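Enquirer: Input: one structure, supplied below.
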Amino acid sequence: MTGAGDVAARATAGFRQRYGGEPAGRWAAPGRVNLIGEHTDYNDGFVLPFALPLRTVVAAAAADDGRWSVWSELDDEPVEFGPAEADEPGRVDGWAAYVAGVVWALRAAGHTVPGARLAIASDVPVGSGLSSSAAIEAAVLAALVELGGLDLPAERWPRLAQRAENDYVGAPTGIMDQSAVIRGRSGHALFLDCRTEAVEQIPFDLGAAGLAVLVIDSRAPHRHADGEYAARRKSCERAAEALGVAALRDVATGDLDAALARLDDDETRRRVRHVVTEDQRVLDTVELLRAGRIRDIGPLLTASHASMRDDFEITVPEIDTAVEAALAARAYGARMTGGGFGGCVLALVDADAADAVADAVTAAYADRGFTAPGTLTVLPAGGATRLD
């Protein structure tokens, strides 16, 4: 893993090459991993993500022409757009839509957004479920807010970045990703109530406990991820309407059996059971972490995975193999993290056993004939910030 300084140097080099001169500053935002709480965010529930040391960096400077030009190391040709394109969702597509979406959301909220030249570099892998899109949004947002001297407190950034992704890009995500990458704190997980947007920094000092989180990139191709994600969300919304509640968050664990009995089909019952029990697992995890009992959250992580596999049906063979192999190698707990149908697994491990667990997963992949996974050991990091 390279550090934020390496990514910043690449962003600066890209800026110099594409635009000449020096950027006015460099702004960074991390990827995120969700410790527990999957598909609960759009059900007004609870999530517990933390920010990663992997970073997306934007080197930027204001432009006098009132237009935006953005270059990424993933695409050699810069994308340029003006107010007309920014104000019409869909006019800018591909990776640059996340940048245009931030401009659109700021302008829609009544802010005068400065034209800008931007260069983006990142160590957050694309398509792995670590929120590379939210990292771009947050880093661009931080840059534009400062370049324009905009009156926009940081606590309002997550909702605005979510609007960019929902309404400009067209991805139906909840607010968790943006909250984690903007409000994350080193050594903590972010306990987020997705209804009220109240946050609490929960101590999660893995290093002091001799622990680490092993992130395993399954390298599984995403299978129908967008359509299946939307289908799960619609199913939850229909179930909430049938149960007469604003969102599934309002179904208490003690009332779950009665609620399930009121639903017509088994698939919907399983979807509801996952969300309600997952919310409770988040609350239980938070209580254990408040008490400093980090190792004891392992069974909750594993139960979360079983629920995603059996009730929400969003795992794939590579993901399940990674979880099974990590547990067999004596991880305290393991689960898929992210929207599903590919992406990453996280495993809570002793820091000095991380390499052995990673090797066990790699061996299990080889036995199954899967493409070798990627592995990374992480500790909770800080959120979006200006680097210099």
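Order determines the names: the first chain of the structure tokens is A, the second B, and so forth; residues in each chain are numbered 1 upward, and ligands are numbered 1 upward as they are shown.
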Contacts of Gly338 of chain A at 12 Å or less, counting only C-alpha atoms, minus same-chain residues fewer than 3 places along, as a PyMOL selection string?
Expert: chain A and resi 31-41+47-49+127-132+173-174+176-177+215+217-218+222+225+229+305+308+314-315+319+335+341-346
Enquirer: Just want the 10 Å neighbourhood of Leu289 of chain A, counted on only C-alpha atoms, with same-chain residues fewer than 2 positions away dropped. Output as a VMD selection string.
Expert: chain A and resid 188 to 189 202 to 205 284 to 287 291 to 297
Enquirer: Can you list every residue in segment 108-357 of chain A that DSSP puts in helix (DSSP H, G or I), as a ChimeraX atom specification?
Expert: /A:108,132-147,154-169,176-183,207-209,225-243,248-250,253-261,266-290,295-310,317-328,351-357
Enquirer: Pick out the closest residue to Arg185 of chain A from this set: A:Val199, A:Ala208, A:Leu214, A:Val349. Count only C-alpha atoms.
Expert: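 Among A:Val199, A:Ala208, A:Leu214, A:Val349, it is A:Val199 that comes nearest to Arg185 of chain A.
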Enquirer: For Val113 of chain A, which residue out of A:Phe81, A:Trp95, A:Trp68, A:Trp157 is the nearest one, using only C-alpha atoms?
Expert: A:Trp68
Enquirer: Hey, what does DSSP flag as strand (DSSP E or B) within segment 40-149 of chain A? Can you give it to me as a ChimeraX atom specification?
Expert: /A:46-62,68-72,75-81,116-122
Enquirer: Excluding Asp359 of chain A and its own-chain neighbours fewer than 2 positions away, which residues fall within 12 Å of it when counting only C-alpha atoms? Please give them as a short mmCIF file (atom, residue, chain, number, x, y, z; two decimals) with C-alpha atoms, in the first residue's frame.
Expert:
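Output contents, as saved in part26.cif:
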data_model
loop_
_atom_site.label_atom_id
_atom_site.label_comp_id
_atom_site.auth_asym_id
_atom_site.auth_seq_id
_atom_site.Cartn_x
_atom_site.Cartn_y
_atom_site.Cartn_z
CA LEU A 214 -7.85 -7.79 6.78
CA ILE A 216 -9.90 -9.17 0.94
CA ALA A 322 -13.07 -15.94 1.39
CA ALA A 325 -11.27 -19.67 4.61
CA ALA A 326 -10.67 -16.70 6.91
CA ALA A 328 -10.99 -21.61 9.24
CA ALA A 329 -7.68 -19.74 9.64
CA ALA A 353 -1.77 -13.48 12.00
CA ALA A 354 -2.96 -11.29 9.12
CA ASP A 355 -0.49 -12.73 6.60
CA ALA A 356 -1.40 -16.31 7.54
CA VAL A 357 -5.11 -15.61 7.12
CA VAL A 361 -7.75 -17.33 1.61
CA THR A 362 -5.42 -17.27 -1.39
CA ALA A 363 -4.94 -21.04 -1.12
CA ALA A 364 -8.70 -21.61 -0.94
CA TYR A 365 -9.15 -19.51 -4.07
CA ALA A 366 -6.54 -21.57 -5.89
CA ALA A 372 -6.26 -14.78 -6.84
CA PRO A 373 -7.70 -12.25 -4.37
CA GLY A 374 -6.10 -9.01 -3.30
CA THR A 375 -5.45 -8.49 0.42
CA LEU A 376 -4.72 -5.43 2.53
#
